[in-house]
$ cat structure14.tsv   # TSV, C-alpha atoms and all ligand atoms
chain	number	residue	atom	x	y	z
A	1	MET	CA	124.50	116.76	112.66
A	2	LYS	CA	122.64	120.04	112.24
A	3	TYR	CA	119.25	118.51	113.07
A	4	ASN	CA	118.40	116.62	116.24
A	5	PHE	CA	116.53	113.46	115.31
A	6	ASP	CA	117.10	112.09	118.84
A	7	GLU	CA	114.74	114.63	120.38
A	8	LEU	CA	111.82	112.76	121.92
A	9	VAL	CA	108.69	114.37	120.51
A	10	GLU	CA	105.48	113.50	122.38
A	11	ARG	CA	102.87	112.56	119.78
A	12	ARG	CA	100.27	111.16	122.16
A	13	GLY	CA	97.28	113.44	122.47
A	14	THR	CA	97.67	114.91	118.96
A	15	ASN	CA	95.04	112.67	117.27
A	16	CYS	CA	97.96	110.66	115.95
A	17	VAL	CA	97.02	107.34	114.31
A	18	LYS	CA	100.34	105.74	115.20
A	19	TRP	CA	100.36	106.63	118.93
A	20	ASP	CA	96.79	107.45	119.88
A	21	GLU	CA	95.32	104.27	118.37
A	22	SER	CA	97.49	102.12	120.62
A	23	PRO	CA	95.51	99.82	122.92
A	24	SER	CA	97.46	101.18	125.90
A	25	ALA	CA	99.63	104.22	126.60
A	26	ASP	CA	102.80	102.17	127.18
A	27	VAL	CA	102.96	100.75	123.62
A	28	ILE	CA	105.89	101.71	121.36
A	29	PRO	CA	104.33	101.92	117.89
A	30	LEU	CA	106.58	100.82	115.03
A	31	TRP	CA	103.82	100.22	112.50
A	32	VAL	CA	102.05	102.80	110.31
A	33	ALA	CA	104.43	104.56	107.91
A	34	ASP	CA	104.98	107.99	109.34
A	35	MET	CA	107.93	109.33	111.31
A	36	ASP	CA	108.20	110.48	114.91
A	37	PHE	CA	110.41	113.43	113.90
A	38	ARG	CA	109.44	117.06	113.60
A	39	VAL	CA	109.45	118.34	110.02
A	40	ALA	CA	112.35	120.37	108.61
A	41	PRO	CA	112.46	123.88	110.12
A	42	ALA	CA	111.69	125.52	106.76
A	43	ILE	CA	108.45	123.54	106.51
A	44	GLN	CA	107.42	124.43	110.03
A	45	ARG	CA	108.18	128.11	109.43
A	46	ALA	CA	106.20	128.19	106.19
A	47	LEU	CA	103.22	126.56	107.90
A	48	GLN	CA	103.43	128.96	110.85
A	49	GLN	CA	103.34	131.91	108.46
A	50	ARG	CA	100.32	130.48	106.70
A	51	VAL	CA	98.56	129.88	110.02
A	52	GLU	CA	99.32	133.46	111.09
A	53	HIS	CA	97.29	134.73	108.16
A	54	GLY	CA	94.24	133.15	109.73
A	55	VAL	CA	92.02	132.69	106.66
A	56	PHE	CA	91.75	129.18	105.27
A	57	GLY	CA	89.29	129.28	102.39
A	58	TYR	CA	89.52	127.49	99.04
A	59	ASN	CA	92.88	127.49	97.33
A	60	ILE	CA	94.46	127.68	93.94
A	61	VAL	CA	97.74	125.90	93.30
A	62	PRO	CA	100.23	128.60	92.26
A	63	GLU	CA	102.86	128.42	89.52
A	64	SER	CA	105.56	128.38	92.22
A	65	TYR	CA	104.20	124.98	93.33
A	66	TYR	CA	104.78	123.46	89.88
A	67	GLU	CA	108.21	125.12	89.68
A	68	ALA	CA	109.17	123.51	93.01
A	69	VAL	CA	108.18	120.03	91.75
A	70	ILE	CA	109.93	120.46	88.39
A	71	SER	CA	113.10	121.88	89.94
A	72	TRP	CA	113.30	119.14	92.60
A	73	PHE	CA	113.14	116.24	90.16
A	74	HIS	CA	115.54	117.98	87.79
A	75	ARG	CA	118.10	118.71	90.53
A	76	ARG	CA	117.82	115.54	92.50
A	77	HIS	CA	117.02	112.91	89.88
A	78	GLN	CA	117.76	114.43	86.45
A	79	TRP	CA	114.16	113.86	85.43
A	80	GLU	CA	112.78	116.59	83.18
A	81	ILE	CA	109.08	117.08	83.88
A	82	GLN	CA	106.92	119.56	82.00
A	83	ARG	CA	104.45	121.76	83.82
A	84	HIS	CA	101.36	120.41	82.05
A	85	TRP	CA	102.21	116.78	82.89
A	86	ILE	CA	101.49	117.44	86.60
A	87	LEU	CA	98.07	116.83	88.13
A	88	TYR	CA	97.70	117.44	91.85
A	89	THR	CA	95.34	115.64	94.19
A	90	THR	CA	94.85	114.97	97.89
A	91	ALA	CA	97.22	112.04	98.50
A	92	VAL	CA	98.83	109.07	96.79
A	93	VAL	CA	96.10	106.52	97.58
A	94	PRO	CA	93.39	108.75	96.04
A	95	ALA	CA	95.79	109.32	93.12
A	96	MET	CA	96.19	105.56	92.68
A	97	SER	CA	92.47	105.03	92.75
A	98	CYS	CA	91.93	107.72	90.07
A	99	VAL	CA	94.66	106.32	87.83
A	100	ILE	CA	93.25	102.79	88.07
A	101	LYS	CA	89.74	104.08	87.40
A	102	ALA	CA	90.96	106.08	84.40
A	103	LEU	CA	93.14	103.44	82.76
A	104	THR	CA	91.29	100.17	83.33
A	105	MET	CA	87.85	98.68	82.78
A	106	PRO	CA	86.13	96.77	85.61
A	107	GLY	CA	87.03	93.07	85.41
A	108	GLU	CA	90.55	93.68	84.11
A	109	LYS	CA	93.60	92.47	85.99
A	110	VAL	CA	96.14	94.75	87.65
A	111	LEU	CA	99.55	93.18	88.21
A	112	ILE	CA	101.54	93.86	91.39
A	113	LEU	CA	104.78	92.57	92.85
A	114	SER	CA	103.82	90.78	96.02
A	115	PRO	CA	104.13	91.34	98.98
A	116	ALA	CA	102.74	94.81	98.34
A	117	TYR	CA	101.58	97.92	100.19
A	118	ASN	CA	98.15	96.94	101.53
A	119	CYS	CA	96.22	99.74	99.76
A	120	PHE	CA	97.36	98.34	96.40
A	121	PHE	CA	95.00	95.42	97.01
A	122	SER	CA	92.07	97.54	98.17
A	123	SER	CA	92.45	100.23	95.53
A	124	ILE	CA	92.48	97.69	92.70
A	125	LYS	CA	89.45	95.86	94.09
A	126	ASN	CA	87.56	99.09	94.85
A	127	ASN	CA	87.83	99.95	91.16
A	128	GLY	CA	86.28	96.66	90.13
A	129	CYS	CA	89.54	95.07	88.96
A	130	GLU	CA	91.25	91.86	89.93
A	131	VAL	CA	94.61	91.74	91.74
A	132	LEU	CA	97.19	89.61	89.98
A	133	GLU	CA	100.25	88.94	92.13
A	134	SER	CA	103.71	88.17	90.87
A	135	PRO	CA	105.52	86.97	94.01
A	136	LEU	CA	109.01	88.36	94.57
A	137	LYS	CA	111.74	85.73	94.75
A	138	PRO	CA	113.69	85.70	98.03
A	139	ILE	CA	117.42	85.62	97.20
A	140	GLY	CA	119.73	85.67	100.24
A	141	ASP	CA	118.80	88.73	102.31
A	142	THR	CA	116.89	90.41	99.48
A	143	PHE	CA	114.31	89.91	96.74
A	144	GLU	CA	114.22	89.85	92.97
A	145	VAL	CA	111.47	89.99	90.39
A	146	ASP	CA	110.69	86.56	88.97
A	147	PHE	CA	110.74	87.75	85.37
A	148	ILE	CA	109.45	84.45	83.99
A	149	ASP	CA	106.36	84.68	86.17
A	150	PHE	CA	106.11	88.45	85.57
A	151	GLU	CA	106.05	87.99	81.81
A	152	ALA	CA	103.53	85.14	82.01
A	153	LYS	CA	101.22	87.39	84.05
A	154	CYS	CA	101.68	90.32	81.65
A	155	ALA	CA	100.79	87.99	78.80
A	156	ASP	CA	97.41	87.22	80.40
A	157	GLU	CA	94.99	88.97	78.05
A	158	LYS	CA	93.06	90.45	80.99
A	159	THR	CA	96.15	92.18	82.41
A	160	THR	CA	96.12	95.83	81.37
A	161	LEU	CA	98.04	97.63	84.08
A	162	PHE	CA	101.14	97.05	86.21
A	163	LEU	CA	101.14	98.91	89.53
A	164	LEU	CA	104.75	99.22	90.66
A	165	CYS	CA	106.08	100.44	93.99
A	166	ASN	CA	109.50	102.06	93.55
A	167	PRO	CA	111.19	101.94	96.06
A	168	HIS	CA	109.29	98.90	97.18
A	169	ASN	CA	107.27	98.80	100.37
A	170	PRO	CA	107.59	96.33	102.12
A	171	SER	CA	110.64	94.49	100.71
A	172	GLY	CA	112.91	97.56	100.96
A	173	ARG	CA	114.14	97.15	97.38
A	174	VAL	CA	115.23	100.15	95.30
A	175	TRP	CA	114.86	98.84	91.76
A	176	THR	CA	117.88	99.31	89.51
A	177	ARG	CA	117.69	100.91	86.08
A	178	GLU	CA	118.23	97.47	84.48
A	179	GLU	CA	115.36	95.94	86.45
A	180	LEU	CA	113.04	98.83	85.63
A	181	GLN	CA	113.98	98.68	81.96
A	182	ARG	CA	113.24	94.96	81.89
A	183	MET	CA	109.86	95.47	83.59
A	184	TYR	CA	109.04	98.16	81.02
A	185	ASP	CA	110.15	96.09	78.04
A	186	ILE	CA	107.92	93.21	79.10
A	187	CYS	CA	104.95	95.49	79.81
A	188	GLN	CA	105.36	97.24	76.48
A	189	LYS	CA	105.58	93.95	74.62
A	190	HIS	CA	102.23	92.88	76.09
A	191	GLY	CA	100.47	96.25	75.97
A	192	VAL	CA	100.42	96.66	79.76
A	193	LYS	CA	100.51	100.24	81.10
A	194	VAL	CA	102.97	101.03	83.91
A	195	VAL	CA	101.90	103.09	86.94
A	196	SER	CA	104.67	103.73	89.44
A	197	ASP	CA	104.07	104.74	93.07
A	198	GLU	CA	107.26	106.61	94.02
A	199	ILE	CA	106.16	107.98	97.39
A	200	HIS	CA	109.27	106.60	99.18
A	201	CYS	CA	111.70	107.91	96.57
A	202	GLU	CA	113.92	110.07	98.79
A	203	LEU	CA	114.40	107.46	101.51
A	204	ILE	CA	117.45	105.82	99.99
A	205	MET	CA	120.17	103.99	101.92
A	206	PRO	CA	123.90	104.29	101.14
A	207	GLY	CA	125.03	102.54	97.98
A	208	HIS	CA	121.66	102.72	96.24
A	209	LYS	CA	120.19	105.12	93.74
A	210	PHE	CA	116.55	105.84	93.07
A	211	VAL	CA	115.66	105.77	89.37
A	212	PRO	CA	112.35	107.50	88.52
A	213	PHE	CA	110.31	105.40	86.12
A	214	GLY	CA	109.89	108.59	84.10
A	215	THR	CA	113.59	108.40	83.19
A	216	ILE	CA	113.06	104.92	81.71
A	217	THR	CA	110.19	106.02	79.49
A	218	ASP	CA	107.67	108.84	79.04
A	219	ASP	CA	105.12	106.11	78.49
A	220	CYS	CA	104.09	105.69	82.15
A	221	VAL	CA	102.25	107.34	85.02
A	222	VAL	CA	104.16	108.30	88.17
A	223	MET	CA	102.62	109.18	91.53
A	224	ASN	CA	104.62	111.14	94.02
A	225	SER	CA	104.40	113.27	97.14
A	226	PRO	CA	106.77	114.83	99.68
A	227	SER	CA	104.62	113.19	102.39
A	228	LYS	CA	106.69	110.11	103.32
A	229	ASN	CA	110.06	111.73	102.74
A	230	PHE	CA	109.37	114.92	104.69
A	231	ASN	CA	106.82	113.56	107.17
A	232	THR	CA	103.86	115.61	106.01
A	233	ALA	CA	101.34	112.82	105.32
A	234	GLY	CA	98.62	114.56	107.34
A	235	LEU	CA	98.81	117.59	105.03
A	236	GLN	CA	97.32	115.64	102.14
A	237	ILE	CA	98.87	116.52	98.83
A	238	ALA	CA	100.27	114.43	95.97
A	239	ASN	CA	101.08	114.68	92.29
A	240	ILE	CA	100.36	112.48	89.32
A	241	ILE	CA	102.89	112.96	86.53
A	242	CYS	CA	101.81	111.80	83.10
A	243	LYS	CA	103.06	112.88	79.70
A	244	HIS	CA	100.52	110.93	77.63
A	245	PRO	CA	97.75	113.48	76.83
A	246	GLY	CA	94.98	110.90	76.42
A	247	TRP	CA	95.74	109.12	79.70
A	248	ARG	CA	96.15	112.47	81.45
A	249	ARG	CA	92.73	113.65	80.31
A	250	ARG	CA	91.14	110.46	81.60
A	251	ILE	CA	93.00	110.72	84.93
A	252	ASP	CA	91.96	114.35	85.29
A	253	ARG	CA	88.37	113.30	84.71
A	254	ALA	CA	88.68	110.53	87.34
A	255	ILE	CA	90.09	113.06	89.85
A	256	ASN	CA	86.92	115.09	89.32
A	257	ILE	CA	84.58	112.10	89.42
A	258	ASN	CA	86.18	110.93	92.67
A	259	GLU	CA	85.97	114.51	94.02
A	260	VAL	CA	89.62	114.66	95.07
A	261	CYS	CA	90.54	117.81	93.16
A	262	ASP	CA	90.68	120.25	96.08
A	263	VAL	CA	93.81	120.46	98.17
A	264	ASN	CA	94.33	122.28	101.45
A	265	PRO	CA	96.44	125.42	102.01
A	266	PHE	CA	98.99	123.66	104.21
A	267	GLY	CA	99.89	120.96	101.72
A	268	ILE	CA	100.63	123.55	99.04
A	269	VAL	CA	102.91	125.54	101.34
A	270	ALA	CA	104.64	122.49	102.85
A	271	LEU	CA	105.48	120.96	99.48
A	272	GLN	CA	107.28	124.12	98.37
A	273	ALA	CA	109.20	124.51	101.63
A	274	ALA	CA	110.20	120.83	101.42
A	275	TYR	CA	111.38	120.83	97.82
A	276	ASN	CA	112.90	124.33	97.84
A	277	GLU	CA	114.49	124.56	101.28
A	278	SER	CA	114.79	121.21	103.05
A	279	GLU	CA	117.25	119.09	101.09
A	280	ASP	CA	119.94	119.15	103.80
A	281	TRP	CA	117.40	117.98	106.39
A	282	LEU	CA	116.46	115.07	104.13
A	283	ASP	CA	120.09	114.04	103.68
A	284	GLU	CA	120.64	114.02	107.45
A	285	LEU	CA	117.39	112.13	107.94
A	286	ASN	CA	118.66	109.38	105.64
A	287	GLN	CA	121.90	109.15	107.63
A	288	TYR	CA	119.92	108.84	110.85
A	289	LEU	CA	117.65	106.15	109.40
A	290	TRP	CA	120.68	104.22	108.22
A	291	GLY	CA	122.08	104.43	111.78
A	292	ASN	CA	118.79	103.05	113.11
A	293	TYR	CA	118.91	100.23	110.58
A	294	GLN	CA	122.43	99.30	111.78
A	295	VAL	CA	121.15	99.25	115.37
A	296	LEU	CA	118.27	96.97	114.35
A	297	CYS	CA	120.55	94.59	112.45
A	298	ASP	CA	123.19	94.41	115.24
A	299	PHE	CA	120.60	93.86	117.93
A	300	ILE	CA	118.76	91.14	116.05
A	301	ASP	CA	122.01	89.47	115.06
A	302	LYS	CA	123.17	89.27	118.67
A	303	ASN	CA	119.88	88.71	120.47
A	304	LEU	CA	117.28	87.24	118.15
A	305	PRO	CA	119.29	84.79	116.09
A	306	GLN	CA	116.20	83.15	114.62
A	307	TRP	CA	115.30	86.44	112.94
A	308	LYS	CA	116.91	87.70	109.72
A	309	VAL	CA	116.69	91.34	108.70
A	310	CYS	CA	116.28	91.78	104.95
A	311	ARG	CA	118.55	94.23	103.18
A	312	LEU	CA	117.18	97.77	103.40
A	313	GLU	CA	117.92	99.66	100.20
A	314	GLY	CA	115.17	102.25	100.62
A	315	THR	CA	112.20	103.26	102.83
A	316	TYR	CA	112.32	103.21	106.65
A	317	LEU	CA	110.39	99.96	106.76
A	318	PRO	CA	112.73	97.00	107.27
A	319	TRP	CA	111.23	93.62	106.43
A	320	VAL	CA	112.28	90.98	108.90
A	321	ASP	CA	112.16	87.24	108.22
A	322	VAL	CA	110.85	85.52	111.37
A	323	SER	CA	109.80	82.30	109.64
A	324	ALA	CA	112.32	80.20	111.60
A	325	MET	CA	110.16	80.69	114.69
A	326	GLY	CA	107.46	78.61	113.03
A	327	ILE	CA	104.60	80.74	114.42
A	328	PRO	CA	102.00	82.47	112.21
A	329	VAL	CA	103.04	86.13	112.11
A	330	ASP	CA	99.60	87.40	113.10
A	331	THR	CA	99.93	85.44	116.36
A	332	LEU	CA	103.49	86.66	116.88
A	333	CYS	CA	102.55	90.32	116.32
A	334	GLN	CA	99.56	90.04	118.68
A	335	ARG	CA	101.87	88.63	121.32
A	336	LEU	CA	104.42	91.40	120.80
A	337	LEU	CA	101.67	94.00	121.11
A	338	GLN	CA	100.08	92.52	124.20
A	339	GLU	CA	103.13	91.28	126.08
A	340	ALA	CA	106.10	93.29	124.82
A	341	LYS	CA	104.00	96.42	124.15
A	342	VAL	CA	105.62	96.85	120.75
A	343	TRP	CA	103.39	97.32	117.71
A	344	VAL	CA	104.81	95.98	114.45
A	345	ASN	CA	102.84	94.86	111.42
A	346	PRO	CA	102.49	91.21	110.39
A	347	GLY	CA	103.72	90.55	106.86
A	348	THR	CA	100.37	89.02	105.99
A	349	MET	CA	98.95	92.58	105.74
A	350	TYR	CA	101.02	92.87	102.57
A	351	GLY	CA	100.11	89.53	101.05
A	352	PRO	CA	98.43	86.63	102.88
A	353	GLN	CA	100.84	84.14	101.28
A	354	THR	CA	103.93	86.15	100.35
A	355	GLY	CA	103.99	88.05	103.65
A	356	GLN	CA	103.68	84.99	105.89
A	357	GLY	CA	106.86	84.56	107.96
A	358	TYR	CA	107.71	88.29	107.85
A	359	VAL	CA	107.24	91.26	110.12
A	360	ARG	CA	107.47	94.91	109.01
A	361	PHE	CA	109.21	97.39	111.30
A	362	ASN	CA	109.05	101.17	111.08
A	363	ILE	CA	112.43	102.50	112.27
A	364	ALA	CA	111.63	106.20	111.70
A	365	THR	CA	111.66	106.93	115.39
A	366	GLN	CA	114.14	108.21	117.94
A	367	ARG	CA	116.98	105.72	118.37
A	368	SER	CA	116.38	105.39	122.12
A	369	ARG	CA	112.79	104.31	121.42
A	370	LEU	CA	113.88	101.78	118.84
A	371	ILE	CA	116.43	100.30	121.27
A	372	GLU	CA	113.83	100.13	124.05
A	373	ALA	CA	111.41	98.35	121.69
A	374	LEU	CA	114.07	95.80	120.73
A	375	HIS	CA	114.89	95.08	124.39
A	376	ARG	CA	111.20	94.55	125.08
A	377	ILE	CA	110.93	92.11	122.17
A	378	LYS	CA	113.92	90.16	123.40
A	379	ALA	CA	112.58	90.04	126.98
A	380	CYS	CA	109.21	88.83	125.70
A	381	LEU	CA	110.47	86.11	123.38
A	382	PHE	CA	113.61	84.99	125.24
A	383	PRO	CA	113.05	85.88	128.92
B	1	LIG	C1	103.72	102.69	98.65
B	1	LIG	C2	102.79	103.61	99.35
B	1	LIG	N1	101.93	104.36	98.63
B	1	LIG	C3	101.07	105.21	99.22
B	1	LIG	C4	101.05	105.34	100.60
B	1	LIG	C5	100.06	106.28	101.24
B	1	LIG	O1	100.10	107.50	100.63
B	1	LIG	P1	99.10	108.67	100.99
B	1	LIG	O2	99.11	108.87	102.47
B	1	LIG	O3	99.65	109.84	100.24
B	1	LIG	O4	97.76	108.27	100.50
B	1	LIG	C6	101.93	104.59	101.39
B	1	LIG	C7	101.90	104.69	102.85
B	1	LIG	O5	102.52	103.95	103.56
B	1	LIG	C8	102.83	103.72	100.74
B	1	LIG	O6	103.70	102.98	101.43
$ encode --input "structure14.tsv" --output "structure tokens"
Amino acid sequence: MKYNFDELVERRGTNCVKWDESPSADVIPLWVADMDFRVAPAIQRALQQRVEHGVFGYNIVPESYYEAVISWFHRRHQWEIQRHWILYTTAVVPAMSCVIKALTMPGEKVLILSPAYNCFFSSIKNNGCEVLESPLKPIGDTFEVDFIDFEAKCADEKTTLFLLCNPHNPSGRVWTREELQRMYDICQKHGVKVVSDEIHCELIMPGHKFVPFGTITDDCVVMNSPSKNFNTAGLQIANIICKHPGWRRRIDRAININEVCDVNPFGIVALQAAYNESEDWLDELNQYLWGNYQVLCDFIDKNLPQWKVCRLEGTYLPWVDVSAMGIPVDTLCQRLLQEAKVWVNPGTMYGPQTGQGYVRFNIATQRSRLIEALHRIKACLFP
């Protein structure tokens, strides 16, 4: 390995949500979705250079930024994006809010596959729309779309938009081309627009392949950012990619109405260093995450036999079935936080019904920390 993901980086005392919001200093936080690793050296160097300049006024987004985005998706995913399809904004959640505002009317229904990333619920409601959940079907150690239910919900005359998460947080699914095609065919048949949140798209485990929705059809909106993949979420930059000129104009307008059209100098620099110079770091990161996932699975298999780890195809957020314990997951997670000093998220954050019985881990931490957290959980539940 060229990069040392085992290096223990101290994040306490850096205004870090994940570590500094802990109720006590001895908690191992495996919750909010950022990573405990330093960024790729090229990103850190580019940021250092920018800091050296010492002037941080308003910014333009240069042509080289767009070239970096276009080249990345061409090289890595054979997706041909044109320069004028790209709209930048401050992050993916603001992007999502603008897209929903632009493409729906208040009172309409937005379909999601549930469980779902918690901001899907809030963003839909904040824009005056109704959340319509199509629950994923548990099949063995993974999940599938219930296409009968999905089609019935698309056929609801109030459903105008489908908000997809690809790869899917929190189930860990990386949707196949066939699945995506089927989702699109159904949406198209019922006049439902597809908006795909692809923020986790580079976090792909062996044997799986990320398929950008933009390679299924031009008739969609994709939201993306290097933030999850390269651990730059605090730098606040994201892109909305939309070929449809009418939708794009409305989204651009919503970005202005929501006042999220100004980005900061560090995001612009970090995105280019990530996409242009950090591919090898990303590939090693994925190997390391896969190693952590193996550790999690082995440990749970041997020591927590009531728990079942769902298959992780993408993201660093394994979804663990703890339903056999027969305890509400909010109670279980509170106990783990207070007694084991391990912070994991209850599945109910991602769907009060569909997330019950599940816990979401964040394994993007140093392996020694993950192992320590697992030992603490075992000692707490099976002393
Ligand atoms: C699916 C998904 N979309 C968006 C976000 C947040 O994106 P941002 O920080 O760019 O707003 C997350 C964070 O966990 C996520 O999982």
$ residues_near_ligand --input "structure14.tsv" --ligand "ligand LIG 1 (chain B)" --cutoff "9 Å" --atoms "only C-alpha atoms and all ligand atoms" --output "count of residues only"
39
$ residues_around --input "structure14.tsv" --residues "range 277-291 of chain A" --least-positions-apart "5" --cutoff "8 Å" --atoms "all atoms listed in the file" --output "number ranges by chain"
A: 1-3, 5, 40-43, 202-206, 229-230, 272, 316, 363-364
$ closest_residue --input "structure14.tsv" --among "A:Ile268, A:Leu381, A:Ala46, A:Val131" --to "Gly351 in chain A" --atoms "all atoms listed in the file"
A:Val131
$ residues_near_point --input "structure14.tsv" --point "(101.4, 114.7, 78.5)" --cutoff "12 Å" --atoms "all atoms listed in the file" --output "list of chain:residue names"
A:Ile81, A:Gln82, A:Arg83, A:His84, A:Trp85, A:Ile86, A:Leu87, A:Gly214, A:Asp218, A:Asp219, A:Cys220, A:Val221, A:Val222, A:Ile240, A:Ile241, A:Cys242, A:Lys243, A:His244, A:Pro245, A:Gly246, A:Trp247, A:Arg248, A:Arg249, A:Arg250, A:Ile251, A:Asp252
$ residues_around --input "structure14.tsv" --residues "Phe213 in chain A" --least-positions-apart "2" --cutoff "8 Å" --atoms "only C-alpha atoms" --output "list in words"
Leu180, Ser196, Val211, Thr215, Ile216, Thr217, Cys220 and Val222 of chain A
$ closest_residue --input "structure14.tsv" --among "A:Lys125, A:Arg311, A:Gln44, A:Asp262" --to "Glu144 in chain A" --atoms "all atoms listed in the file"
A:Arg311
$ closest_residue --input "structure14.tsv" --among "A:Ala270, A:Ala155, A:Val9, A:Val192" --to "Gln48 in chain A" --atoms "all atoms listed in the file"
A:Ala270
$ atom_distance --input "structure14.tsv" --atom1 "CA of Ile28 in chain A" --atom2 "CA of Thr14 in chain A"
15.7 Å
$ atom_distance --input "structure14.tsv" --atom1 "CA of Asp301 in chain A" --atom2 "CA of Phe382 in chain A"
13.9 Å
$ atom_distance --input "structure14.tsv" --atom1 "CA of Trp19 in chain A" --atom2 "CA of Trp343 in chain A"
9.9 Å
$ residues_around --input "structure14.tsv" --residues "Pro346 in chain A" --least-positions-apart "5" --cutoff "9 Å" --atoms "all atoms listed in the file" --output "CSV table (one decimal) with C-alpha atoms, keeping the file's coordinate frame"
chain,number,residue,atom,x,y,z
A,328,PRO,CA,102.0,82.5,112.2
A,329,VAL,CA,103.0,86.1,112.1
A,330,ASP,CA,99.6,87.4,113.1
A,331,THR,CA,99.9,85.4,116.4
A,332,LEU,CA,103.5,86.7,116.9
A,333,CYS,CA,102.6,90.3,116.3
A,334,GLN,CA,99.6,90.0,118.7
A,355,GLY,CA,104.0,88.0,103.6
A,356,GLN,CA,103.7,85.0,105.9
A,357,GLY,CA,106.9,84.6,108.0
A,358,TYR,CA,107.7,88.3,107.8
A,359,VAL,CA,107.2,91.3,110.1
A,360,ARG,CA,107.5,94.9,109.0
$ closest_residue --input "structure14.tsv" --among "A:Asn59, A:Ser114, A:Gln353, A:Ser171" --to "Asn264 in chain A" --atoms "all atoms listed in the file"
A:Asn59
$ axis_aligned_box --input "structure14.tsv" --around "range 364-376 of chain A" --padding-each-side "3 Å" --output "lines of an AutoDock Vina configuration file"
center_x = 114.1
center_y = 101.4
center_z = 118.4
size_x = 11.8
size_y = 19.7
size_z = 19.4
$ closest_residue --input "structure14.tsv" --among "A:Glu130, A:Glu10, A:Glu313, A:Asp185" --to "Glu151 in chain A" --atoms "all atoms listed in the file"
A:Asp185
$ residues_around --input "structure14.tsv" --residues "Val55 in chain A" --least-positions-apart "5" --cutoff "12 Å" --atoms "only C-alpha atoms" --output "list in words"
Gln49, Arg50, Asn264, Pro265 and Phe266 of chain A
$ closest_residue --input "structure14.tsv" --among "A:Ile257, A:Leu132, A:Ala373, A:Leu271" --to "Leu235 in chain A" --atoms "all atoms listed in the file"
A:Leu271
$ build_atoms --input "structure14.tsv" --residues "range 144-154 of chain A" --atoms "N, CA, C and O atoms" --output "PDB file, in the frame of the given file"
ATOM      1  N   GLU A 144     114.132  89.482  94.383  1.00  0.00           N
ATOM      2  CA  GLU A 144     114.220  89.850  92.970  1.00  0.00           C
ATOM      3  C   GLU A 144     112.882  89.591  92.307  1.00  0.00           C
ATOM      4  O   GLU A 144     112.096  88.762  92.778  1.00  0.00           O
ATOM      5  N   VAL A 145     112.674  90.261  91.181  1.00  0.00           N
ATOM      6  CA  VAL A 145     111.470  89.990  90.390  1.00  0.00           C
ATOM      7  C   VAL A 145     111.683  88.636  89.709  1.00  0.00           C
ATOM      8  O   VAL A 145     112.768  88.357  89.179  1.00  0.00           O
ATOM      9  N   ASP A 146     110.649  87.808  89.728  1.00  0.00           N
ATOM     10  CA  ASP A 146     110.690  86.560  88.970  1.00  0.00           C
ATOM     11  C   ASP A 146     110.187  86.912  87.558  1.00  0.00           C
ATOM     12  O   ASP A 146     108.981  86.939  87.303  1.00  0.00           O
ATOM     13  N   PHE A 147     111.130  87.208  86.670  1.00  0.00           N
ATOM     14  CA  PHE A 147     110.740  87.750  85.370  1.00  0.00           C
ATOM     15  C   PHE A 147     109.994  86.743  84.487  1.00  0.00           C
ATOM     16  O   PHE A 147     109.226  87.140  83.611  1.00  0.00           O
ATOM     17  N   ILE A 148     110.202  85.462  84.754  1.00  0.00           N
ATOM     18  CA  ILE A 148     109.450  84.450  83.990  1.00  0.00           C
ATOM     19  C   ILE A 148     107.970  84.544  84.359  1.00  0.00           C
ATOM     20  O   ILE A 148     107.079  84.629  83.506  1.00  0.00           O
ATOM     21  N   ASP A 149     107.735  84.570  85.675  1.00  0.00           N
ATOM     22  CA  ASP A 149     106.360  84.680  86.170  1.00  0.00           C
ATOM     23  C   ASP A 149     105.765  86.037  85.772  1.00  0.00           C
ATOM     24  O   ASP A 149     104.608  86.125  85.348  1.00  0.00           O
ATOM     25  N   PHE A 150     106.576  87.093  85.897  1.00  0.00           N
ATOM     26  CA  PHE A 150     106.110  88.450  85.570  1.00  0.00           C
ATOM     27  C   PHE A 150     105.641  88.520  84.119  1.00  0.00           C
ATOM     28  O   PHE A 150     104.573  89.048  83.819  1.00  0.00           O
ATOM     29  N   GLU A 151     106.429  87.934  83.230  1.00  0.00           N
ATOM     30  CA  GLU A 151     106.050  87.990  81.810  1.00  0.00           C
ATOM     31  C   GLU A 151     104.790  87.154  81.546  1.00  0.00           C
ATOM     32  O   GLU A 151     103.905  87.576  80.802  1.00  0.00           O
ATOM     33  N   ALA A 152     104.729  85.987  82.211  1.00  0.00           N
ATOM     34  CA  ALA A 152     103.530  85.140  82.010  1.00  0.00           C
ATOM     35  C   ALA A 152     102.284  85.904  82.445  1.00  0.00           C
ATOM     36  O   ALA A 152     101.230  85.840  81.788  1.00  0.00           O
ATOM     37  N   LYS A 153     102.395  86.657  83.537  1.00  0.00           N
ATOM     38  CA  LYS A 153     101.220  87.390  84.050  1.00  0.00           C
ATOM     39  C   LYS A 153     100.892  88.587  83.169  1.00  0.00           C
ATOM     40  O   LYS A 153      99.725  88.936  82.989  1.00  0.00           O
ATOM     41  N   CYS A 154     101.928  89.212  82.594  1.00  0.00           N
ATOM     42  CA  CYS A 154     101.680  90.320  81.650  1.00  0.00           C
ATOM     43  C   CYS A 154     100.997  89.802  80.387  1.00  0.00           C
ATOM     44  O   CYS A 154     100.220  90.520  79.748  1.00  0.00           O
TER      45      CYS A 154
END
